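Enquirer: File name input_28.csv; file contents CSV, C-alpha atoms; full text below.
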```
chain,number,residue,atom,x,y,z
A,1,MET,CA,0.0,0.0,0.0
A,2,LYS,CA,1.5,3.3,-1.1
A,3,PHE,CA,0.1,6.6,0.2
A,4,LEU,CA,0.9,10.2,-0.9
A,5,PHE,CA,0.0,13.0,1.6
A,6,ALA,CA,-0.4,16.5,0.3
A,7,SER,CA,-2.5,18.6,2.7
A,8,ASP,CA,-2.8,22.3,3.1
A,9,SER,CA,-2.0,23.9,6.4
A,10,PHE,CA,-4.8,24.4,8.9
A,11,LYS,CA,-4.3,28.1,9.4
A,12,GLY,CA,-2.9,29.0,12.8
A,13,THR,CA,-2.8,25.4,14.1
A,14,ILE,CA,-1.4,22.6,11.9
A,15,THR,CA,1.2,23.1,9.2
A,16,SER,CA,1.2,21.1,6.0
A,17,THR,CA,4.3,19.1,7.2
A,18,ALA,CA,2.7,18.4,10.6
A,19,ALA,CA,-0.5,17.1,8.9
A,20,ALA,CA,1.6,14.8,6.7
A,21,ARG,CA,3.5,13.4,9.7
A,22,MET,CA,0.3,12.7,11.6
A,23,LEU,CA,-1.2,11.0,8.6
A,24,GLU,CA,1.9,8.8,8.3
A,25,ARG,CA,1.7,7.8,12.0
A,26,ALA,CA,-2.0,7.1,11.7
A,27,ALA,CA,-1.6,5.0,8.6
A,28,ALA,CA,1.1,2.9,10.3
A,29,GLU,CA,-1.2,2.4,13.3
A,30,VAL,CA,-4.1,1.0,11.1
A,31,PHE,CA,-2.2,-0.8,8.4
A,32,GLY,CA,1.1,-1.6,9.9
A,33,THR,CA,3.9,-1.3,7.4
A,34,VAL,CA,3.0,1.1,4.6
A,35,GLU,CA,4.9,3.3,2.1
A,36,CYS,CA,4.2,7.0,2.6
A,37,THR,CA,5.4,10.0,0.7
A,38,CYS,CA,4.8,13.5,2.2
A,39,ILE,CA,4.7,16.7,0.1
A,40,PRO,CA,4.2,20.0,1.9
A,41,VAL,CA,1.9,22.2,-0.3
A,42,ALA,CA,0.3,25.6,-0.3
A,43,ASP,CA,-1.9,27.6,-2.7
A,44,GLY,CA,0.4,30.5,-3.3
A,45,GLY,CA,-0.5,32.3,-0.1
A,46,GLU,CA,1.3,32.4,3.3
A,47,GLY,CA,3.6,29.5,3.8
A,48,THR,CA,4.2,28.9,0.1
A,49,VAL,CA,8.0,29.5,0.2
A,50,ASP,CA,8.4,27.2,3.3
A,51,ALA,CA,6.3,24.4,1.7
A,52,VAL,CA,8.2,24.5,-1.6
A,53,ILE,CA,11.6,24.6,0.1
A,54,GLN,CA,10.7,21.6,2.3
A,55,ALA,CA,9.4,19.7,-0.7
A,56,CYS,CA,12.4,20.5,-3.0
A,57,GLY,CA,15.2,20.7,-0.5
A,58,GLY,CA,16.0,24.4,-1.2
A,59,THR,CA,17.5,27.0,1.0
A,60,LYS,CA,16.4,30.5,2.1
A,61,ALA,CA,18.1,33.8,1.1
A,62,ALA,CA,17.5,36.6,3.6
A,63,VAL,CA,17.4,40.1,2.2
A,64,THR,CA,17.0,43.5,4.0
A,65,VAL,CA,14.3,45.4,2.2
A,66,HIS,CA,11.8,48.1,2.9
A,67,ASP,CA,8.4,47.3,4.3
A,68,PRO,CA,5.1,49.0,3.0
A,69,LEU,CA,6.0,52.1,5.1
A,70,MET,CA,9.6,52.2,3.9
A,71,ARG,CA,11.0,50.8,7.2
A,72,PRO,CA,13.8,48.2,7.1
A,73,VAL,CA,12.6,44.6,7.3
A,74,THR,CA,14.2,41.2,6.6
A,75,ALA,CA,12.4,39.2,3.9
A,76,CYS,CA,13.3,35.8,2.5
A,77,TYR,CA,12.9,33.9,-0.7
A,78,GLY,CA,13.6,30.3,-1.6
A,79,ARG,CA,16.5,29.2,-3.6
A,80,LEU,CA,15.8,26.0,-5.5
A,81,GLY,CA,17.9,23.9,-7.8
A,82,GLY,CA,18.0,24.5,-11.6
A,83,GLY,CA,18.2,28.3,-11.3
A,84,ARG,CA,14.7,28.5,-9.7
A,85,ALA,CA,13.6,30.9,-7.0
A,86,VAL,CA,10.2,31.3,-5.2
A,87,MET,CA,9.1,34.2,-3.1
A,88,GLU,CA,6.0,35.8,-1.4
A,89,MET,CA,5.4,39.5,-1.8
A,90,ALA,CA,3.8,39.4,1.7
A,91,SER,CA,7.2,38.9,3.3
A,92,ALA,CA,8.2,42.4,2.1
A,93,SER,CA,4.9,44.2,1.4
A,94,GLY,CA,2.3,42.2,3.4
A,95,LEU,CA,-0.5,43.6,5.5
A,96,PRO,CA,0.7,42.0,8.8
A,97,LEU,CA,3.8,44.2,8.5
A,98,VAL,CA,1.7,47.3,9.0
A,99,PRO,CA,0.1,48.0,12.5
A,100,VAL,CA,-3.7,48.4,12.2
A,101,SER,CA,-3.4,52.0,13.3
A,102,LEU,CA,-1.1,52.8,10.4
A,103,ARG,CA,-2.9,51.0,7.6
A,104,ASN,CA,-3.5,53.6,4.9
A,105,PRO,CA,-3.2,52.5,1.2
A,106,LEU,CA,-2.5,56.1,0.2
A,107,GLU,CA,0.8,55.8,2.0
A,108,THR,CA,2.0,52.2,1.4
A,109,THR,CA,4.3,51.0,-1.3
A,110,SER,CA,5.4,47.7,-2.9
A,111,TYR,CA,9.0,48.9,-3.1
A,112,GLY,CA,10.3,46.1,-0.9
A,113,THR,CA,8.9,43.5,-3.2
A,114,GLY,CA,10.9,45.1,-6.0
A,115,GLU,CA,14.0,44.9,-3.9
A,116,LEU,CA,13.4,41.2,-3.3
A,117,LEU,CA,12.9,40.6,-7.1
A,118,ALA,CA,16.0,42.7,-7.9
A,119,HIS,CA,18.1,40.5,-5.5
A,120,ALA,CA,17.0,37.3,-7.1
A,121,LEU,CA,17.6,38.7,-10.6
A,122,SER,CA,21.1,39.9,-9.7
A,123,ALA,CA,21.8,36.5,-8.2
A,124,GLY,CA,21.2,35.0,-11.6
A,125,PHE,CA,18.0,33.1,-11.1
A,126,LYS,CA,16.3,32.3,-14.4
A,127,ASP,CA,12.9,30.9,-13.2
A,128,ILE,CA,11.3,33.1,-10.5
A,129,SER,CA,7.9,32.4,-9.1
A,130,ILE,CA,6.3,35.1,-6.9
A,131,ALA,CA,3.1,34.7,-4.8
A,132,ILE,CA,1.3,38.0,-4.6
A,133,GLY,CA,-1.4,37.4,-2.0
A,134,GLY,CA,-1.7,39.4,1.3
A,135,SER,CA,-0.5,42.8,0.2
A,136,ALA,CA,-0.8,46.0,2.2
A,137,THR,CA,-0.5,48.1,-0.9
A,138,ASN,CA,-2.6,49.8,-3.6
A,139,ASP,CA,0.1,51.5,-5.6
A,140,GLY,CA,-0.4,49.8,-8.9
A,141,GLY,CA,3.0,48.1,-8.4
A,142,MET,CA,4.8,51.5,-8.9
A,143,GLY,CA,6.9,51.0,-5.8
A,144,CYS,CA,8.0,47.5,-7.0
A,145,MET,CA,8.9,48.7,-10.5
A,146,ARG,CA,10.7,51.8,-9.0
A,147,ALA,CA,13.0,49.4,-7.0
A,148,LEU,CA,13.8,47.8,-10.3
A,149,GLY,CA,14.8,51.2,-11.8
A,150,ALA,CA,11.6,52.5,-13.4
A,151,ARG,CA,10.9,56.2,-12.8
A,152,PHE,CA,7.4,57.6,-12.4
A,153,LEU,CA,7.2,61.3,-13.1
A,154,ASP,CA,4.6,64.0,-12.4
A,155,LYS,CA,3.8,66.9,-14.7
A,156,SER,CA,6.8,68.9,-13.6
A,157,GLY,CA,9.2,66.0,-14.2
A,158,ARG,CA,9.6,65.3,-10.5
A,159,GLU,CA,10.2,61.6,-9.6
A,160,LEU,CA,7.4,60.1,-7.5
A,161,GLU,CA,8.0,57.7,-4.6
A,162,GLY,CA,5.6,55.0,-5.8
A,163,ARG,CA,3.0,55.1,-3.0
A,164,GLY,CA,-0.8,54.9,-3.5
A,165,ARG,CA,-1.2,58.7,-3.4
A,166,ASP,CA,1.1,59.0,-6.4
A,167,LEU,CA,-1.3,57.2,-8.7
A,168,GLU,CA,-3.2,60.5,-9.4
A,169,LEU,CA,0.1,62.4,-10.0
A,170,VAL,CA,1.9,60.2,-12.5
A,171,THR,CA,2.0,61.6,-16.1
A,172,ASP,CA,5.1,59.8,-17.5
A,173,ILE,CA,6.9,56.5,-17.0
A,174,ASP,CA,10.6,56.2,-17.8
A,175,VAL,CA,12.0,52.7,-18.1
A,176,SER,CA,15.3,53.5,-19.8
A,177,ALA,CA,17.3,52.7,-16.7
A,178,MET,CA,15.2,49.8,-15.5
A,179,ASN,CA,16.6,46.4,-14.7
A,180,HIS,CA,14.7,44.4,-17.3
A,181,VAL,CA,14.3,40.7,-17.0
A,182,PRO,CA,17.3,39.1,-18.8
A,183,ALA,CA,16.7,37.0,-21.9
A,184,GLY,CA,15.8,33.4,-21.0
A,185,THR,CA,14.4,34.4,-17.6
A,186,THR,CA,10.8,33.6,-16.7
A,187,VAL,CA,8.8,35.4,-14.0
A,188,THR,CA,5.7,33.5,-12.9
A,189,VAL,CA,3.0,35.4,-10.9
A,190,MET,CA,1.2,33.0,-8.6
A,191,CYS,CA,-2.3,34.3,-8.4
A,192,ASP,CA,-5.9,33.1,-8.5
A,193,VAL,CA,-7.4,36.6,-8.5
A,194,THR,CA,-8.8,37.6,-11.9
A,195,ASN,CA,-9.9,41.2,-11.1
A,196,PRO,CA,-9.1,44.0,-13.5
A,197,LEU,CA,-7.0,47.0,-12.5
A,198,CYS,CA,-9.9,49.5,-12.4
A,199,GLY,CA,-13.6,49.6,-11.9
A,200,LYS,CA,-16.0,48.2,-9.3
A,201,ASN,CA,-14.3,44.8,-9.4
A,202,GLY,CA,-10.9,46.3,-9.6
A,203,ALA,CA,-8.0,46.5,-7.2
A,204,THR,CA,-9.1,49.5,-5.2
A,205,TYR,CA,-12.8,48.8,-4.6
A,206,THR,CA,-12.4,45.0,-4.1
A,207,PHE,CA,-9.4,44.9,-1.8
A,208,GLY,CA,-8.7,48.5,-0.6
A,209,ALA,CA,-11.0,48.6,2.4
A,210,GLN,CA,-9.2,45.6,4.1
A,211,LYS,CA,-5.9,47.5,3.7
A,212,GLY,CA,-7.3,50.5,5.7
A,213,GLY,CA,-9.0,52.5,3.0
A,214,THR,CA,-12.0,54.6,3.9
A,215,PRO,CA,-14.7,55.3,1.3
A,216,GLU,CA,-13.1,58.7,0.6
A,217,MET,CA,-9.6,57.2,0.2
A,218,LEU,CA,-11.0,54.5,-2.1
A,219,ASP,CA,-12.6,57.1,-4.4
A,220,ARG,CA,-9.3,59.0,-4.6
A,221,LEU,CA,-7.3,55.8,-5.2
A,222,GLU,CA,-9.7,54.7,-7.9
A,223,ALA,CA,-9.4,58.0,-9.7
A,224,GLY,CA,-5.6,57.7,-9.4
A,225,MET,CA,-5.6,54.1,-10.7
A,226,GLU,CA,-7.6,55.2,-13.7
A,227,ASN,CA,-5.0,57.9,-14.4
A,228,TYR,CA,-2.2,55.3,-13.9
A,229,ARG,CA,-3.9,53.0,-16.4
A,230,LYS,CA,-4.1,55.7,-19.0
A,231,VAL,CA,-0.3,56.4,-18.6
A,232,ILE,CA,0.4,52.6,-18.9
A,233,ILE,CA,-1.6,52.5,-22.1
A,234,GLN,CA,0.2,55.5,-23.6
A,235,THR,CA,3.6,54.1,-22.6
A,236,PHE,CA,3.3,50.4,-23.4
A,237,GLY,CA,0.3,50.2,-25.7
A,238,MET,CA,-1.2,47.6,-23.3
A,239,ASP,CA,-4.5,47.9,-21.4
A,240,PRO,CA,-4.2,46.4,-17.9
A,241,ASP,CA,-8.0,46.1,-17.7
A,242,ALA,CA,-7.8,43.5,-20.5
A,243,MET,CA,-5.5,41.3,-18.4
A,244,ALA,CA,-7.0,38.9,-15.9
A,245,GLY,CA,-5.3,39.4,-12.6
A,246,ALA,CA,-4.1,42.9,-13.2
A,247,GLY,CA,-5.9,44.1,-10.1
A,248,ALA,CA,-4.2,41.5,-7.8
A,249,ALA,CA,-2.1,42.8,-4.9
A,250,GLY,CA,-3.3,46.4,-5.3
A,251,GLY,CA,-2.4,46.4,-9.0
A,252,LEU,CA,1.0,44.8,-8.6
A,253,GLY,CA,-0.3,42.1,-11.0
A,254,ALA,CA,-0.6,44.8,-13.7
A,255,ALA,CA,2.9,46.0,-13.2
A,256,LEU,CA,4.4,42.5,-13.3
A,257,LEU,CA,2.5,41.6,-16.4
A,258,VAL,CA,3.2,44.8,-18.3
A,259,PHE,CA,6.7,45.9,-17.2
A,260,LEU,CA,8.2,42.4,-16.8
A,261,ARG,CA,6.1,40.4,-19.2
A,262,ALA,CA,5.4,38.0,-16.4
A,263,VAL,CA,3.2,34.9,-16.8
A,264,LEU,CA,0.1,34.6,-14.6
A,265,LYS,CA,-0.5,31.1,-13.2
A,266,SER,CA,-2.6,29.5,-10.4
A,267,GLY,CA,-0.8,29.4,-7.1
A,268,ILE,CA,-1.5,25.7,-6.4
A,269,GLU,CA,-0.7,24.7,-10.0
A,270,THR,CA,2.7,26.5,-9.7
A,271,VAL,CA,3.4,24.8,-6.3
A,272,LEU,CA,2.5,21.4,-7.6
A,273,ASP,CA,4.8,21.9,-10.6
A,274,LEU,CA,7.7,23.2,-8.5
A,275,THR,CA,7.4,20.2,-6.2
A,276,GLY,CA,7.2,17.6,-9.0
A,277,PHE,CA,3.8,16.4,-7.8
A,278,ASP,CA,2.9,14.5,-11.0
A,279,ALA,CA,6.0,12.4,-10.9
A,280,LYS,CA,5.4,11.6,-7.3
A,281,LEU,CA,1.9,10.2,-8.2
A,282,ARG,CA,3.5,7.2,-10.0
A,283,GLY,CA,2.6,4.0,-8.2
A,284,VAL,CA,0.5,5.6,-5.6
A,285,ASP,CA,-2.6,3.8,-4.4
A,286,LEU,CA,-4.3,6.7,-2.5
A,287,VAL,CA,-3.7,10.5,-2.0
A,288,VAL,CA,-4.8,12.2,1.2
A,289,THR,CA,-5.3,16.0,1.1
A,290,GLY,CA,-7.2,18.5,3.2
A,291,GLU,CA,-7.6,22.0,4.6
A,292,GLY,CA,-8.9,23.8,7.7
A,293,ARG,CA,-12.4,24.5,6.3
A,294,THR,CA,-13.9,23.3,3.1
A,295,ASP,CA,-16.8,25.1,1.4
A,296,TRP,CA,-17.7,26.3,-2.1
A,297,GLN,CA,-14.5,28.5,-2.2
A,298,SER,CA,-12.3,25.4,-2.1
A,299,CYS,CA,-13.0,24.9,-5.8
A,300,PHE,CA,-11.4,28.2,-6.8
A,301,GLY,CA,-7.6,27.7,-6.8
A,302,LYS,CA,-7.2,26.1,-3.4
A,303,VAL,CA,-5.0,23.2,-2.5
A,304,MET,CA,-7.7,20.5,-2.4
A,305,GLN,CA,-9.0,21.5,-5.8
A,306,GLY,CA,-5.5,21.5,-7.4
A,307,VAL,CA,-4.5,18.2,-5.8
A,308,GLY,CA,-7.8,16.6,-6.7
A,309,ASP,CA,-7.7,17.7,-10.3
A,310,ARG,CA,-4.2,16.2,-10.7
A,311,CYS,CA,-5.3,13.0,-9.1
A,312,LYS,CA,-8.3,12.8,-11.4
A,313,LYS,CA,-6.2,13.4,-14.4
A,314,TYR,CA,-3.9,10.4,-13.6
A,315,GLY,CA,-6.6,8.1,-12.2
A,316,VAL,CA,-5.4,8.1,-8.6
A,317,PRO,CA,-8.1,8.2,-6.0
A,318,ALA,CA,-8.0,11.0,-3.4
A,319,VAL,CA,-9.7,11.6,-0.1
A,320,ALA,CA,-9.7,14.6,2.2
A,321,LEU,CA,-9.4,15.1,6.0
A,322,VAL,CA,-10.6,18.6,6.8
A,323,GLY,CA,-11.2,20.6,9.9
A,324,SER,CA,-14.8,21.4,9.1
A,325,MET,CA,-17.3,21.5,6.2
A,326,GLY,CA,-19.4,24.5,5.2
A,327,THR,CA,-21.9,25.4,2.5
A,328,GLY,CA,-21.0,23.9,-0.9
A,329,ALA,CA,-18.3,21.7,0.4
A,330,GLU,CA,-19.6,18.8,-1.6
A,331,LYS,CA,-18.7,20.7,-4.8
A,332,ILE,CA,-15.1,19.5,-4.3
A,333,PHE,CA,-16.2,16.0,-5.3
A,334,ASP,CA,-16.3,17.3,-8.9
A,335,HIS,CA,-12.5,17.8,-8.7
A,336,GLY,CA,-11.3,14.3,-8.0
A,337,ILE,CA,-11.9,14.2,-4.3
A,338,CYS,CA,-13.7,10.9,-3.7
A,339,SER,CA,-14.7,11.4,0.0
A,340,MET,CA,-14.2,13.8,2.8
A,341,LEU,CA,-14.1,13.5,6.6
A,342,PRO,CA,-14.2,16.3,9.1
A,343,THR,CA,-12.0,16.1,12.2
A,344,VAL,CA,-14.4,17.9,14.6
A,345,THR,CA,-16.8,15.4,16.2
A,346,ASP,CA,-18.7,17.5,18.7
A,347,THR,CA,-20.3,21.0,19.1
A,348,ILE,CA,-17.4,23.1,20.4
A,349,THR,CA,-16.3,26.7,20.3
A,350,LEU,CA,-13.7,27.9,17.8
A,351,GLN,CA,-11.2,28.3,20.6
A,352,GLN,CA,-11.7,24.7,21.7
A,353,ALA,CA,-11.3,23.5,18.1
A,354,LEU,CA,-8.0,25.4,17.7
A,355,SER,CA,-6.6,24.3,21.1
A,356,GLN,CA,-7.3,20.6,20.4
A,357,SER,CA,-6.6,20.6,16.7
A,358,HIS,CA,-3.7,18.2,16.7
A,359,GLU,CA,-5.5,15.6,18.8
A,360,ASP,CA,-8.7,15.9,16.7
A,361,TYR,CA,-6.7,15.7,13.5
A,362,TYR,CA,-4.8,12.5,14.5
A,363,ALA,CA,-8.0,10.9,15.8
A,364,GLY,CA,-9.7,11.8,12.5
A,365,ALA,CA,-6.9,10.3,10.5
A,366,VAL,CA,-7.2,7.0,12.4
A,367,ARG,CA,-10.9,6.9,11.7
A,368,MET,CA,-10.4,7.7,8.0
A,369,PHE,CA,-7.8,4.9,7.6
A,370,ARG,CA,-10.0,2.5,9.4
A,371,PHE,CA,-12.8,3.2,6.9
A,372,ILE,CA,-10.4,2.8,4.0
A,373,LYS,CA,-9.3,-0.6,5.4
A,374,VAL,CA,-12.9,-1.8,5.6
A,375,GLY,CA,-13.4,-0.7,2.0
A,376,MET,CA,-10.4,-2.7,1.0
A,377,GLN,CA,-11.7,-5.7,2.8
A,378,LEU,CA,-15.1,-5.4,1.2
A,379,ALA,CA,-13.5,-5.0,-2.2
A,380,GLY,CA,-11.5,-8.2,-1.6
A,381,SER,CA,-14.6,-10.1,-0.7
A,382,CYS,CA,-16.5,-9.2,-3.9
```
Would you kindly transcribe this structure into structure tokens?
Expert:
Amino acid sequence: MKFLFASDSFKGTITSTAAARMLERAAAEVFGTVECTCIPVADGGEGTVDAVIQACGGTKAAVTVHDPLMRPVTACYGRLGGGRAVMEMASASGLPLVPVSLRNPLETTSYGTGELLAHALSAGFKDISIAIGGSATNDGGMGCMRALGARFLDKSGRELEGRGRDLELVTDIDVSAMNHVPAGTTVTVMCDVTNPLCGKNGATYTFGAQKGGTPEMLDRLEAGMENYRKVIIQTFGMDPDAMAGAGAAGGLGAALLVFLRAVLKSGIETVLDLTGFDAKLRGVDLVVTGEGRTDWQSCFGKVMQGVGDRCKKYGVPAVALVGSMGTGAEKIFDHGICSMLPTVTDTITLQQALSQSHEDYYAGAVRMFRFIKVGMQLAGSC
């Protein structure tokens, strides 16, 4: 019997690696000697770099960059074999880096993310994947591009800093001194957001409030983003609103796609490719995946959907052990997940569920494998 374990983390409680280790222990308790392969996975959000490094045997590079308020902060990216690097913009420009009292998308910048990219490019990495979830910024990616050498100018020719408030002031973009991506280098944007740059479904009105934007701020930022879009069209002949994902990370998606000619790809798909998931499926009898809470959103670029679709493609059965199930959870069955079992067995508070998460997870894993064993016995008697 050969198992492959590839579960998402249970946010705030169980890491992807810890889940895999408990599954391995529970499988041995029920089946005795079994062959288990564990792959840490993530969907392109928090924990992506750690998961990929653990799965691929890479190392971390620590870089001193500037946070969203231009204060020094240490950010890391993963160095993998074959000239590959993986990074999370949240480590340099993420919302948790800004205290709640200081959250103001007019003042924040993605400059630190550009510094992280510049470091990887100067180190010679030819295949760079960047997860852009969890940003504190709404600057259209100007800060990031400025760190790479682009200059954003106002009507008097003064260079702008690249904060959200500068969107309304930019009239010209100078890329003559920019550190362009070297020939043969690929930048992949890990993102499952398809929002345009501007409009009611764009970067500002969809995500700006969670970054501290008041209604008045959002109206001002949206007007600025419209101005920025026009300058991009004039400069590059490309309309960000025609690009799915341009509005991700406060418009950083647009900057990466336009300035760096990056490729947009699903976060979980990128992680599965980086970790060689398809090759690891060979000879596997069953895959076990899971996440903290499963509902209808799990079918939109999340770990279980990505893992299930790959298993379905290669004809390998997959089951899921999850913390809880919400509305529409059963939709995941359309994506190669054959069955699903929640770990919580009683009516308890959220705090109780969090505090006993490891015990509940392991007990749930044992129950799951006992069901699987019964199914094998029934199949053998047919």
Enquirer: Set the distance at 6 Å and use only C-alpha atoms: which residues neighbour range 182-196 of chain A once local chain neighbours fewer than 3 positions away are removed? I'd like the list as a list in words.
Expert: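 Skipping anything fewer than 3 positions along the chain leaves Gly44, Lys126, Asp127, Ile128, Ser129, Ile130, Ala131, Asn201, Gly202, Asp241, Ala244, Gly245, Ala246, Gly247, Ala248, Ala262, Val263, Leu264, Lys265, Ser266, Gly267 and Gly301 of chain A.
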Enquirer: Excluding Ala363 in chain A and residues on its chain fewer than 3 positions from it, collect all residues at most 10 Å away from it, counting all atoms listed in the file, and give them as a ChimeraX atom specification.
Expert: /A:22-23,26,343-345,357-360,366-368
Enquirer: Check the smallest atom-to-atom distance from each of A:Asp309, A:Thr108, A:Ile132, A:Met178 to Ala254 in chain A using all atoms listed in the file, then report the winner.
Expert: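 With all atoms listed in the file as the atom set, the closest residue is A:Ile132.
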Enquirer: Could you check which of A:Ala75, A:Ala55, A:Val63, A:Met89 is closest to Gly141 in chain A, using only C-alpha atoms?
Expert: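 Using only C-alpha atoms, Gly141 in chain A sits closest to A:Met89.
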Enquirer: Closest to Glu161 in chain A among A:Pro68, A:Gly326, A:Gly199, A:Gly380, using only C-alpha atoms?
Expert: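 Using only C-alpha atoms, Glu161 in chain A sits closest to A:Pro68.
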Enquirer: Given only C-alpha atoms as the basis, pick out the residue of A:Gly47, A:Gly12, A:Ser339, A:Leu350 nearest to Phe371 in chain A.
Expert: A:Ser339
Enquirer: Using all atoms listed in the file - which residues lie no farther than 12 Å from the point (1.5, 54.6, -17.2) in the file's frame? Write them as number ranges by chain.
Expert: A: 140-142, 145, 150-154, 166-175, 224-240, 254-255, 258-259
Enquirer: Counting all atoms listed in the file, figure out which residue out of A:Ala6, A:Cys56, A:Met243, A:Val30 gets nearest to Arg310 in chain A.
Expert: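 Selected residue with least distance to Arg310 in chain A: A:Ala6.
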Enquirer: Pick from A:Ser101, A:Ser324, A:Asn138, A:Asn179: nearest to Phe207 in chain A, with all atoms listed in the file counted?
Expert: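 When distances to Phe207 in chain A are compared using all atoms listed in the file, the smallest one comes from A:Asn138.
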